[in-house]
>>> print(open('query.cif').read())   # mmCIF, C-alpha atoms and all ligand atoms
data_target
loop_
_atom_site.label_atom_id
_atom_site.label_comp_id
_atom_site.auth_asym_id
_atom_site.auth_seq_id
_atom_site.Cartn_x
_atom_site.Cartn_y
_atom_site.Cartn_z
CA LEU A 1 0.00 0.00 0.00
CA ARG A 2 1.28 3.47 -0.84
CA VAL A 3 -0.13 6.48 0.97
CA GLU A 4 0.18 9.99 -0.43
CA VAL A 5 -0.33 12.91 1.88
CA SER A 6 -0.83 16.39 0.55
CA VAL A 7 -1.76 19.58 2.31
CA ALA A 8 -4.11 21.83 0.44
CA GLY A 9 -5.27 25.32 1.23
CA GLY A 10 -8.73 25.60 2.72
CA ARG A 11 -11.51 28.03 1.89
CA ARG A 12 -10.34 30.54 4.42
CA GLU A 13 -6.76 31.69 4.73
CA HIS A 14 -6.05 30.10 8.12
CA GLU A 15 -7.61 26.75 7.11
CA ALA A 16 -5.71 23.87 5.58
CA CYS A 17 -6.93 20.39 4.89
CA VAL A 18 -5.04 17.16 4.61
CA VAL A 19 -5.83 14.84 1.75
CA LEU A 20 -4.92 11.20 2.13
CA VAL A 21 -4.87 9.13 -1.03
CA PHE A 22 -4.54 5.34 -0.72
CA HIS A 23 -3.17 3.43 -3.68
CA ASP A 24 -3.33 -0.35 -3.68
CA ILE A 25 -0.13 -1.29 -5.47
CA THR A 26 -0.43 -5.05 -5.01
CA ASP A 27 -1.45 -5.41 -8.67
CA LEU A 28 1.36 -3.16 -9.87
CA ARG A 29 3.89 -5.19 -7.88
CA ARG A 30 2.48 -8.42 -9.27
CA LEU A 31 2.68 -7.08 -12.84
CA GLU A 32 6.24 -5.97 -12.28
CA THR A 33 7.17 -9.46 -10.99
CA VAL A 34 5.44 -11.08 -13.98
CA ARG A 35 7.39 -8.78 -16.32
CA LYS A 36 10.71 -9.51 -14.63
CA ASP A 37 10.02 -13.26 -14.67
CA PHE A 38 9.14 -13.01 -18.34
CA VAL A 39 12.36 -11.25 -19.27
CA ALA A 40 14.34 -13.79 -17.24
CA ASN A 41 12.49 -16.65 -18.95
CA VAL A 42 13.04 -15.24 -22.44
CA SER A 43 16.73 -14.74 -21.75
CA HIS A 44 17.04 -18.28 -20.48
CA GLU A 45 15.12 -19.76 -23.41
CA LEU A 46 17.29 -17.92 -25.94
CA ARG A 47 20.52 -18.62 -24.12
CA THR A 48 20.11 -22.39 -24.19
CA PRO A 49 20.28 -22.79 -28.00
CA LEU A 50 22.81 -19.97 -28.29
CA THR A 51 25.17 -21.63 -25.84
CA SER A 52 24.89 -24.84 -27.78
CA ILE A 53 25.60 -23.07 -31.11
CA LYS A 54 28.61 -21.32 -29.62
CA GLY A 55 29.94 -24.56 -28.17
CA TYR A 56 29.72 -26.43 -31.46
CA VAL A 57 31.25 -23.57 -33.48
CA GLU A 58 34.16 -23.49 -31.03
CA ALA A 59 34.55 -27.25 -31.29
CA LEU A 60 34.64 -26.97 -35.09
CA LEU A 61 37.29 -24.25 -34.96
CA ASP A 62 39.19 -26.33 -32.44
CA GLY A 63 39.81 -29.06 -34.95
CA GLY A 64 36.37 -30.62 -35.41
CA LYS A 65 36.25 -29.26 -38.96
CA ASP A 66 39.16 -31.49 -39.96
CA ASP A 67 37.00 -34.59 -39.72
CA PRO A 68 34.20 -34.47 -42.32
CA GLU A 69 31.89 -36.71 -40.28
CA THR A 70 32.26 -34.62 -37.12
CA MET A 71 31.80 -31.46 -39.14
CA ALA A 72 28.56 -32.70 -40.73
CA LYS A 73 27.22 -33.75 -37.34
CA PHE A 74 28.08 -30.45 -35.63
CA LEU A 75 26.73 -28.34 -38.50
CA ASP A 76 23.47 -30.25 -38.31
CA ILE A 77 23.16 -29.48 -34.60
CA ILE A 78 23.98 -25.81 -35.24
CA LEU A 79 21.29 -25.65 -37.91
CA ARG A 80 18.70 -27.29 -35.64
CA GLN A 81 19.50 -24.94 -32.76
CA SER A 82 19.26 -21.92 -35.08
CA ASN A 83 15.85 -23.13 -36.25
CA ARG A 84 14.83 -23.43 -32.64
CA LEU A 85 15.88 -19.83 -31.96
CA ASN A 86 13.76 -18.77 -34.92
CA LEU A 87 10.78 -20.70 -33.64
CA ILE A 88 10.98 -19.13 -30.17
CA LEU A 89 11.31 -15.64 -31.65
CA ASP A 90 8.35 -16.21 -34.03
CA ASP A 91 6.16 -17.40 -31.16
CA LEU A 92 7.25 -14.53 -28.92
CA LEU A 93 6.54 -11.95 -31.59
CA GLN A 94 3.17 -13.41 -32.29
CA LEU A 95 2.24 -13.52 -28.64
CA SER A 96 3.28 -9.94 -28.04
CA GLN A 97 1.35 -8.75 -31.11
CA ILE A 98 -1.82 -10.46 -29.93
CA GLU A 99 -1.41 -9.24 -26.36
CA SER A 100 -0.70 -5.65 -27.30
CA GLY A 101 -3.67 -5.58 -29.67
CA VAL A 102 -1.44 -4.82 -32.68
CA ALA A 103 -2.51 -8.04 -34.35
CA LEU A 104 -5.79 -7.50 -36.14
CA PHE A 105 -8.34 -10.27 -35.98
CA LYS A 106 -10.76 -10.73 -38.85
CA ARG A 107 -14.43 -11.06 -38.05
CA ASP A 108 -15.67 -13.41 -40.73
CA LEU A 109 -18.30 -16.09 -40.54
CA VAL A 110 -16.13 -19.17 -40.07
CA SER A 111 -17.17 -22.77 -40.52
CA PRO A 112 -15.78 -24.83 -37.60
CA GLY A 113 -15.70 -27.82 -39.96
CA ASN A 114 -13.27 -25.97 -42.22
CA VAL A 115 -11.05 -25.21 -39.23
CA VAL A 116 -10.93 -28.91 -38.37
CA GLU A 117 -10.30 -29.90 -41.97
CA ARG A 118 -7.42 -27.45 -42.46
CA SER A 119 -5.76 -28.29 -39.13
CA LEU A 120 -5.95 -32.01 -39.75
CA ALA A 121 -4.32 -31.58 -43.15
CA ILE A 122 -1.37 -29.91 -41.39
CA ILE A 123 -1.06 -32.44 -38.56
CA GLN A 124 -1.87 -35.73 -40.31
CA PRO A 125 1.70 -36.34 -41.60
CA LEU A 126 3.10 -35.84 -38.07
CA ALA A 127 0.47 -38.15 -36.59
CA ASP A 128 1.20 -40.79 -39.27
CA LYS A 129 4.88 -40.65 -38.47
CA LYS A 130 4.13 -41.67 -34.88
CA GLY A 131 1.52 -44.23 -35.87
CA HIS A 132 -1.34 -42.38 -34.14
CA ARG A 133 -4.95 -43.03 -35.10
CA MET A 134 -6.95 -39.86 -35.71
CA HIS A 135 -10.58 -40.18 -34.76
CA LEU A 136 -13.06 -37.55 -35.90
CA GLU A 137 -16.51 -36.85 -34.44
CA VAL A 138 -18.16 -33.93 -36.20
CA ALA A 139 -21.83 -33.10 -35.67
CA GLU A 140 -23.90 -32.12 -38.70
CA GLY A 141 -25.47 -28.74 -39.42
CA LEU A 142 -23.26 -26.81 -37.02
CA PRO A 143 -23.65 -23.04 -36.75
CA GLY A 144 -20.68 -20.88 -37.67
CA VAL A 145 -18.56 -18.72 -35.38
CA ILE A 146 -17.52 -15.15 -35.96
CA GLY A 147 -13.78 -14.75 -36.09
CA ASP A 148 -10.49 -15.23 -37.83
CA GLU A 149 -10.24 -18.60 -39.57
CA ASP A 150 -6.44 -18.64 -39.85
CA ARG A 151 -6.06 -17.97 -36.13
CA LEU A 152 -8.61 -20.62 -35.22
CA VAL A 153 -6.70 -23.07 -37.41
CA GLN A 154 -3.64 -22.16 -35.39
CA VAL A 155 -5.49 -22.90 -32.13
CA LEU A 156 -6.46 -26.37 -33.27
CA THR A 157 -3.09 -27.02 -34.90
CA ASN A 158 -1.27 -26.17 -31.65
CA LEU A 159 -3.56 -28.47 -29.64
CA LEU A 160 -3.18 -31.30 -32.16
CA ASP A 161 0.57 -30.81 -32.34
CA ASN A 162 0.76 -31.21 -28.55
CA ALA A 163 -1.51 -34.25 -28.62
CA VAL A 164 0.82 -35.86 -31.18
CA LYS A 165 3.94 -34.84 -29.24
CA TYR A 166 2.86 -35.89 -25.77
CA THR A 167 1.36 -39.25 -26.78
CA PRO A 168 3.63 -42.26 -27.12
CA ASP A 169 3.60 -43.89 -30.57
CA GLY A 170 0.46 -45.69 -31.62
CA GLY A 171 -1.95 -43.55 -29.58
CA THR A 172 -5.43 -42.31 -30.42
CA ILE A 173 -6.31 -38.65 -30.89
CA THR A 174 -9.98 -37.76 -30.97
CA VAL A 175 -11.23 -34.46 -32.36
CA ARG A 176 -14.82 -33.71 -31.48
CA LEU A 177 -16.88 -30.81 -32.77
CA GLN A 178 -20.38 -30.18 -31.47
CA ALA A 179 -22.91 -27.42 -30.90
CA LEU A 180 -24.17 -26.62 -27.39
CA GLU A 181 -27.57 -25.09 -26.67
CA PRO A 182 -27.61 -21.60 -25.12
CA THR A 183 -27.38 -21.69 -21.35
CA PRO A 184 -30.43 -20.19 -19.57
CA GLY A 185 -30.45 -16.44 -20.11
CA ALA A 186 -27.88 -16.54 -22.91
CA GLU A 187 -28.86 -15.47 -26.40
CA VAL A 188 -26.61 -17.72 -28.36
CA GLY A 189 -25.30 -21.23 -27.97
CA SER A 190 -21.72 -22.27 -28.45
CA ILE A 191 -19.48 -24.47 -30.48
CA GLU A 192 -17.34 -26.91 -28.56
CA LEU A 193 -14.17 -28.21 -30.06
CA SER A 194 -12.12 -30.75 -28.17
CA VAL A 195 -8.91 -32.67 -28.67
CA ALA A 196 -8.46 -35.78 -26.55
CA ASP A 197 -5.36 -37.94 -26.51
CA THR A 198 -4.23 -41.15 -24.87
CA GLY A 199 -0.86 -39.66 -23.93
CA ILE A 200 1.14 -38.91 -20.80
CA GLY A 201 -1.54 -36.60 -19.35
CA ILE A 202 -1.10 -33.51 -17.17
CA PRO A 203 -1.16 -33.72 -13.36
CA GLU A 204 -4.23 -31.92 -11.99
CA GLY A 205 -2.18 -29.26 -10.18
CA ASP A 206 -0.40 -28.26 -13.41
CA ARG A 207 -3.52 -28.02 -15.57
CA PRO A 208 -4.43 -24.36 -14.96
CA ARG A 209 -0.78 -23.35 -15.37
CA VAL A 210 0.02 -24.91 -18.75
CA PHE A 211 -1.52 -21.85 -20.45
CA GLU A 212 1.13 -19.58 -18.90
CA ARG A 213 4.08 -18.53 -21.03
CA PHE A 214 6.99 -20.97 -20.76
CA TYR A 215 5.22 -23.17 -18.22
CA ARG A 216 6.00 -26.82 -18.91
CA VAL A 217 5.27 -29.87 -16.83
CA ASP A 218 8.57 -31.40 -17.92
CA LYS A 219 11.01 -28.86 -19.36
CA ALA A 220 13.50 -31.39 -20.67
CA ARG A 221 10.86 -33.43 -22.45
CA SER A 222 9.27 -30.33 -24.02
CA ARG A 223 12.64 -29.13 -25.38
CA GLU A 224 13.52 -32.55 -26.64
CA LEU A 225 10.25 -32.60 -28.58
CA GLY A 226 10.95 -29.16 -30.05
CA GLY A 227 8.51 -27.20 -27.85
CA THR A 228 8.87 -23.49 -27.14
CA GLY A 229 6.57 -23.43 -24.12
CA LEU A 230 4.48 -20.74 -25.80
CA GLY A 231 1.97 -22.77 -27.83
CA LEU A 232 -0.79 -22.88 -25.24
CA ALA A 233 -0.30 -19.23 -24.25
CA ILE A 234 -0.95 -18.34 -27.90
CA VAL A 235 -4.00 -20.65 -27.94
CA LYS A 236 -5.44 -18.97 -24.86
CA HIS A 237 -4.98 -15.47 -26.25
CA ILE A 238 -6.57 -16.29 -29.59
CA VAL A 239 -9.53 -18.01 -27.92
CA GLU A 240 -10.05 -15.06 -25.59
CA GLN A 241 -9.97 -12.67 -28.55
CA HIS A 242 -12.94 -14.69 -29.84
CA ASP A 243 -14.77 -14.31 -26.50
CA GLY A 244 -14.27 -18.00 -25.89
CA GLN A 245 -12.79 -20.21 -23.20
CA VAL A 246 -10.20 -22.96 -23.19
CA TRP A 247 -9.29 -25.45 -20.51
CA VAL A 248 -7.82 -28.89 -20.04
CA GLU A 249 -9.19 -31.92 -18.23
CA GLY A 250 -8.01 -35.46 -17.74
CA ASN A 251 -9.01 -37.99 -20.39
CA GLN A 252 -10.18 -41.46 -19.31
CA PRO A 253 -8.44 -43.81 -18.75
CA ALA A 254 -5.31 -41.79 -19.64
CA GLY A 255 -4.21 -38.63 -21.43
CA SER A 256 -5.56 -35.11 -21.69
CA ARG A 257 -8.58 -33.46 -23.21
CA PHE A 258 -8.36 -29.82 -24.26
CA VAL A 259 -11.69 -28.06 -24.73
CA VAL A 260 -12.34 -24.84 -26.64
CA ARG A 261 -15.73 -23.20 -26.41
CA LEU A 262 -16.64 -20.36 -28.76
CA PRO A 263 -19.88 -18.40 -29.03
CA ALA A 264 -21.93 -19.53 -32.02
CA ALA A 265 -22.85 -16.90 -34.59
CA ARG A 266 -26.25 -15.35 -33.92
CA PRO A 267 -29.24 -16.73 -35.79
CA GLY A 268 -29.62 -14.68 -38.94
CA GLN A 269 -25.87 -14.11 -39.16
CA LEU A 270 -25.99 -16.54 -42.09
CA THR A 271 -25.26 -20.23 -41.66
CA ALA A 272 -21.72 -21.43 -41.80
CA PRO A 273 -20.35 -22.45 -45.16
CA GLN A 274 -20.73 -26.24 -45.39
CA THR A 275 -17.79 -28.61 -45.62
CA ASN A 276 -17.77 -32.23 -46.63
CA LEU A 277 -16.37 -33.25 -43.23
CA ALA A 278 -19.65 -34.46 -41.78
CA ASN A 279 -20.23 -36.79 -44.75
P1 LIG B 301 5.44 -26.78 -25.44
O1 LIG B 301 6.09 -26.07 -26.56
O2 LIG B 301 6.35 -27.06 -24.29
O3 LIG B 301 4.66 -27.97 -25.89
P2 LIG B 301 2.87 -25.55 -24.80
O4 LIG B 301 2.56 -24.17 -24.34
O5 LIG B 301 2.25 -26.02 -26.06
O6 LIG B 301 4.43 -25.67 -24.83
O7 LIG B 301 2.45 -26.56 -23.64
C1 LIG B 301 2.88 -26.31 -22.31
C2 LIG B 301 3.08 -27.61 -21.55
O8 LIG B 301 1.83 -28.26 -21.33
C3 LIG B 301 3.94 -28.64 -22.26
O9 LIG B 301 5.32 -28.42 -22.06
C4 LIG B 301 3.47 -29.95 -21.62
O10 LIG B 301 4.11 -30.13 -20.37
C5 LIG B 301 1.99 -29.68 -21.36
N1 LIG B 301 1.11 -30.23 -22.41
C6 LIG B 301 0.51 -29.53 -23.41
N2 LIG B 301 -0.27 -30.34 -24.16
C7 LIG B 301 -0.18 -31.57 -23.61
C8 LIG B 301 -0.78 -32.85 -23.91
N3 LIG B 301 -1.63 -33.01 -24.93
N4 LIG B 301 -0.46 -33.90 -23.10
C9 LIG B 301 0.39 -33.75 -22.05
N5 LIG B 301 0.99 -32.58 -21.73
C10 LIG B 301 0.70 -31.50 -22.48
#
>>> encode(input="query.cif", output="structure tokens", more="lines below")
Ligand code: ADP
Amino acid sequence: LRVEVSVAGGRREHEACVVLVFHDITDLRRLETVRKDFVANVSHELRTPLTSIKGYVEALLDGGKDDPETMAKFLDIILRQSNRLNLILDDLLQLSQIESGVALFKRDLVSPGNVVERSLAIIQPLADKKGHRMHLEVAEGLPGVIGDEDRLVQVLTNLLDNAVKYTPDGGTITVRLQALEPTPGAEVGSIELSVADTGIGIPEGDRPRVFERFYRVDKARSRELGGTGLGLAIVKHIVEQHDGQVWVEGNQPAGSRFVVRLPAARPGQLTAPQTNLAN
């Protein structure tokens, strides 16, 4: 708490009054801590691949370059670490643009079926590589949502990418798309999109935190799998920009289930363009 005291002149010359102003700076302090933590996290995330690049370049200069096999191996690592730096910077830039409101979101009538179709086309090759079965449950005649299709594709792609990553080979990933009736008092219903996997799951205590920037249940595993720790933070921001909600629950008997709920377009706001997904 910060207290400001100022003495002001009163109505008559010999009168003075004291004004006490109370500022609750708990929130400011918290924001400042969040900002400091963020800068520390970013520095750490960037330093890890940089240190590795520097180490391998030094090893090459130190004689490693004289052996073609060693050189090829080290250059490959340097390239992969540089790609990783790029990935982190891309994600960071994107997150900061969304957060600061610089990123403009379209407000089109989007077919949720199209979002599923486009995301699956991106993820299918990765899922095939790990021998995962993709299971699709799409209701028919779904209403549309108002928003930015490319960003919604990114939401689903990030969730699917995680499901593929955090599920041991030969798992099952289920994408479900359904409409929910309006809750009492609400004007419009919603569209619920979920991604369930049979993977390693997320301990209950970690679930609310996985949407924070750089929060990972297992840092080493995430890095090994090429994660930046920013995917779910981006998901959360995009969903919130669409007035929606996202959360994660446990899947039975194992794995995680991420749920995205978005407000359905109002009746009369046209019906969503149809896709052939439901066929
Ligand atoms: P990352 O790049 O590390 O995957 P994300 O922001 O996408 O970052 O996810 C944050 C963390 O949440 C991950 O590091 C992982 O611990 C956990 N996580 C996300 N999705 C899943 C999933 N489908 N199954 C298990 N853990 C998950």
>>> atom_distance(input="query.cif", atom1="atom CA of Gly131 of chain A", atom2="atom CA of Asp169 of chain A")
5.7 Å
>>> atom_distance(input="query.cif", atom1="atom CA of Asn114 of chain A", atom2="atom CA of Ala179 of chain A")
14.9 Å
>>> axis_aligned_box(input="query.cif", around="ligand LIG 301 (chain B)", padding_each_side="4 Å", output="lines of an AutoDock Vina configuration file")
center_x = 2.4
center_y = -29.0
center_z = -23.5
size_x = 16.0
size_y = 17.7
size_z = 14.2
>>> residues_near_ligand(input="query.cif", ligand="ligand LIG 301 (chain B)", cutoff="8 Å", atoms="only C-alpha atoms and all ligand atoms", output="PDB file with C-alpha atoms, in the coordinates of the input")
ATOM      1  CA  ASN A 158      -1.270 -26.170 -31.650  1.00  0.00           C
ATOM      2  CA  LEU A 159      -3.560 -28.470 -29.640  1.00  0.00           C
ATOM      3  CA  LEU A 160      -3.180 -31.300 -32.160  1.00  0.00           C
ATOM      4  CA  ASN A 162       0.760 -31.210 -28.550  1.00  0.00           C
ATOM      5  CA  ALA A 163      -1.510 -34.250 -28.620  1.00  0.00           C
ATOM      6  CA  VAL A 164       0.820 -35.860 -31.180  1.00  0.00           C
ATOM      7  CA  LYS A 165       3.940 -34.840 -29.240  1.00  0.00           C
ATOM      8  CA  TYR A 166       2.860 -35.890 -25.770  1.00  0.00           C
ATOM      9  CA  THR A 167       1.360 -39.250 -26.780  1.00  0.00           C
ATOM     10  CA  ALA A 196      -8.460 -35.780 -26.550  1.00  0.00           C
ATOM     11  CA  ASP A 197      -5.360 -37.940 -26.510  1.00  0.00           C
ATOM     12  CA  GLY A 199      -0.860 -39.660 -23.930  1.00  0.00           C
ATOM     13  CA  ILE A 200       1.140 -38.910 -20.800  1.00  0.00           C
ATOM     14  CA  GLY A 201      -1.540 -36.600 -19.350  1.00  0.00           C
ATOM     15  CA  ILE A 202      -1.100 -33.510 -17.170  1.00  0.00           C
ATOM     16  CA  ARG A 207      -3.520 -28.020 -15.570  1.00  0.00           C
ATOM     17  CA  VAL A 210       0.020 -24.910 -18.750  1.00  0.00           C
ATOM     18  CA  PHE A 211      -1.520 -21.850 -20.450  1.00  0.00           C
ATOM     19  CA  GLU A 212       1.130 -19.580 -18.900  1.00  0.00           C
ATOM     20  CA  ARG A 213       4.080 -18.530 -21.030  1.00  0.00           C
ATOM     21  CA  PHE A 214       6.990 -20.970 -20.760  1.00  0.00           C
ATOM     22  CA  TYR A 215       5.220 -23.170 -18.220  1.00  0.00           C
ATOM     23  CA  ARG A 216       6.000 -26.820 -18.910  1.00  0.00           C
ATOM     24  CA  VAL A 217       5.270 -29.870 -16.830  1.00  0.00           C
ATOM     25  CA  ASP A 218       8.570 -31.400 -17.920  1.00  0.00           C
ATOM     26  CA  LYS A 219      11.010 -28.860 -19.360  1.00  0.00           C
ATOM     27  CA  ARG A 221      10.860 -33.430 -22.450  1.00  0.00           C
ATOM     28  CA  SER A 222       9.270 -30.330 -24.020  1.00  0.00           C
ATOM     29  CA  ARG A 223      12.640 -29.130 -25.380  1.00  0.00           C
ATOM     30  CA  LEU A 225      10.250 -32.600 -28.580  1.00  0.00           C
ATOM     31  CA  GLY A 226      10.950 -29.160 -30.050  1.00  0.00           C
ATOM     32  CA  GLY A 227       8.510 -27.200 -27.850  1.00  0.00           C
ATOM     33  CA  THR A 228       8.870 -23.490 -27.140  1.00  0.00           C
ATOM     34  CA  GLY A 229       6.570 -23.430 -24.120  1.00  0.00           C
ATOM     35  CA  LEU A 230       4.480 -20.740 -25.800  1.00  0.00           C
ATOM     36  CA  GLY A 231       1.970 -22.770 -27.830  1.00  0.00           C
ATOM     37  CA  LEU A 232      -0.790 -22.880 -25.240  1.00  0.00           C
ATOM     38  CA  ALA A 233      -0.300 -19.230 -24.250  1.00  0.00           C
ATOM     39  CA  ILE A 234      -0.950 -18.340 -27.900  1.00  0.00           C
ATOM     40  CA  GLY A 255      -4.210 -38.630 -21.430  1.00  0.00           C
ATOM     41  CA  SER A 256      -5.560 -35.110 -21.690  1.00  0.00           C
ATOM     42  CA  ARG A 257      -8.580 -33.460 -23.210  1.00  0.00           C
ATOM     43  CA  PHE A 258      -8.360 -29.820 -24.260  1.00  0.00           C
TER      44      PHE A 258
END
>>> closest_residue(input="query.cif", among="A:Leu60, A:Leu28, A:Val248, A:Val102", to="Gly205 of chain A", atoms="all atoms listed in the file")
A:Val248
>>> residues_around(input="query.cif", residues="segment 119-123 of chain A", least_positions_apart="4", cutoff="7 Å", atoms="all atoms listed in the file", output="MDAnalysis selection string")
chainID A and resid 115 127 153 156:157 160:161
>>> write_last_selection(input="query.cif", atoms="C-alpha atoms", output="PDB file, in the frame of the given file")
ATOM      1  CA  VAL A 115     -11.050 -25.210 -39.230  1.00  0.00           C
ATOM      2  CA  ALA A 127       0.470 -38.150 -36.590  1.00  0.00           C
ATOM      3  CA  VAL A 153      -6.700 -23.070 -37.410  1.00  0.00           C
ATOM      4  CA  LEU A 156      -6.460 -26.370 -33.270  1.00  0.00           C
ATOM      5  CA  THR A 157      -3.090 -27.020 -34.900  1.00  0.00           C
ATOM      6  CA  LEU A 160      -3.180 -31.300 -32.160  1.00  0.00           C
ATOM      7  CA  ASP A 161       0.570 -30.810 -32.340  1.00  0.00           C
TER       8      ASP A 161
END
>>> atom_distance(input="query.cif", atom1="atom CA of Leu136 of chain A", atom2="atom CA of Arg176 of chain A")
6.1 Å
>>> closest_residue(input="query.cif", among="A:Leu31, A:Ile173, A:Val260, A:Val57", to="Ile78 of chain A", atoms="all atoms listed in the file")
A:Val57
>>> closest_residue(input="query.cif", among="A:Asp148, A:Asp24, A:Glu69, A:Glu117", to="Gln241 of chain A", atoms="only C-alpha atoms")
A:Asp148
>>> residues_around(input="query.cif", residues="Phe74 of chain A", least_positions_apart="4", cutoff="12 Å", atoms="only C-alpha atoms", output="PyMOL selection string")
chain A and resi 52-61+63-70+78-81
>>> decode(input="query.cif", residues="segment 39-62 of chain A", atoms="N, CA and C atoms", output="compact mmCIF listing (two decimals), in the first residue's frame")
# COMPACT_ATOMS: atom_id res chain seq x y z
N VAL A 39 11.07 -11.61 -18.67
CA VAL A 39 12.36 -11.25 -19.27
C VAL A 39 13.41 -12.31 -18.92
N ALA A 40 13.38 -12.76 -17.66
CA ALA A 40 14.34 -13.79 -17.24
C ALA A 40 14.10 -15.08 -18.03
N ASN A 41 12.82 -15.43 -18.19
CA ASN A 41 12.49 -16.65 -18.95
C ASN A 41 12.95 -16.56 -20.39
N VAL A 42 12.66 -15.41 -21.03
CA VAL A 42 13.04 -15.24 -22.44
C VAL A 42 14.56 -15.38 -22.57
N SER A 43 15.28 -14.70 -21.67
CA SER A 43 16.73 -14.74 -21.75
C SER A 43 17.22 -16.18 -21.64
N HIS A 44 16.62 -16.89 -20.69
CA HIS A 44 17.04 -18.28 -20.48
C HIS A 44 16.74 -19.14 -21.71
N GLU A 45 15.53 -18.95 -22.25
CA GLU A 45 15.12 -19.76 -23.41
C GLU A 45 16.02 -19.50 -24.62
N LEU A 46 16.44 -18.25 -24.79
CA LEU A 46 17.29 -17.92 -25.94
C LEU A 46 18.72 -18.36 -25.68
N ARG A 47 19.13 -18.30 -24.42
CA ARG A 47 20.52 -18.62 -24.12
C ARG A 47 20.82 -20.10 -24.35
N THR A 48 19.84 -20.95 -24.07
CA THR A 48 20.11 -22.39 -24.19
C THR A 48 20.57 -22.76 -25.61
N PRO A 49 19.78 -22.44 -26.66
CA PRO A 49 20.28 -22.79 -28.00
C PRO A 49 21.52 -22.01 -28.40
N LEU A 50 21.62 -20.76 -27.94
CA LEU A 50 22.81 -19.97 -28.29
C LEU A 50 24.09 -20.57 -27.73
N THR A 51 24.00 -21.02 -26.47
CA THR A 51 25.17 -21.63 -25.84
C THR A 51 25.59 -22.87 -26.61
N SER A 52 24.59 -23.62 -27.04
CA SER A 52 24.89 -24.84 -27.78
C SER A 52 25.56 -24.49 -29.12
N ILE A 53 25.02 -23.48 -29.82
CA ILE A 53 25.60 -23.07 -31.11
C ILE A 53 27.06 -22.66 -30.91
N LYS A 54 27.26 -21.83 -29.88
CA LYS A 54 28.61 -21.32 -29.62
C LYS A 54 29.56 -22.49 -29.34
N GLY A 55 29.11 -23.41 -28.53
CA GLY A 55 29.94 -24.56 -28.17
C GLY A 55 30.36 -25.37 -29.39
N TYR A 56 29.40 -25.61 -30.28
CA TYR A 56 29.72 -26.43 -31.46
C TYR A 56 30.59 -25.67 -32.47
N VAL A 57 30.39 -24.36 -32.57
CA VAL A 57 31.25 -23.57 -33.48
C VAL A 57 32.69 -23.61 -32.94
N GLU A 58 32.81 -23.45 -31.63
CA GLU A 58 34.16 -23.49 -31.03
C GLU A 58 34.81 -24.86 -31.25
N ALA A 59 34.01 -25.90 -31.10
CA ALA A 59 34.55 -27.25 -31.29
C ALA A 59 35.00 -27.45 -32.74
N LEU A 60 34.25 -26.86 -33.67
CA LEU A 60 34.64 -26.97 -35.09
C LEU A 60 35.97 -26.26 -35.33
N LEU A 61 36.06 -25.02 -34.77
CA LEU A 61 37.29 -24.25 -34.96
C LEU A 61 38.48 -24.92 -34.28
N ASP A 62 38.16 -25.67 -33.24
CA ASP A 62 39.19 -26.33 -32.44
C ASP A 62 39.73 -27.59 -33.09
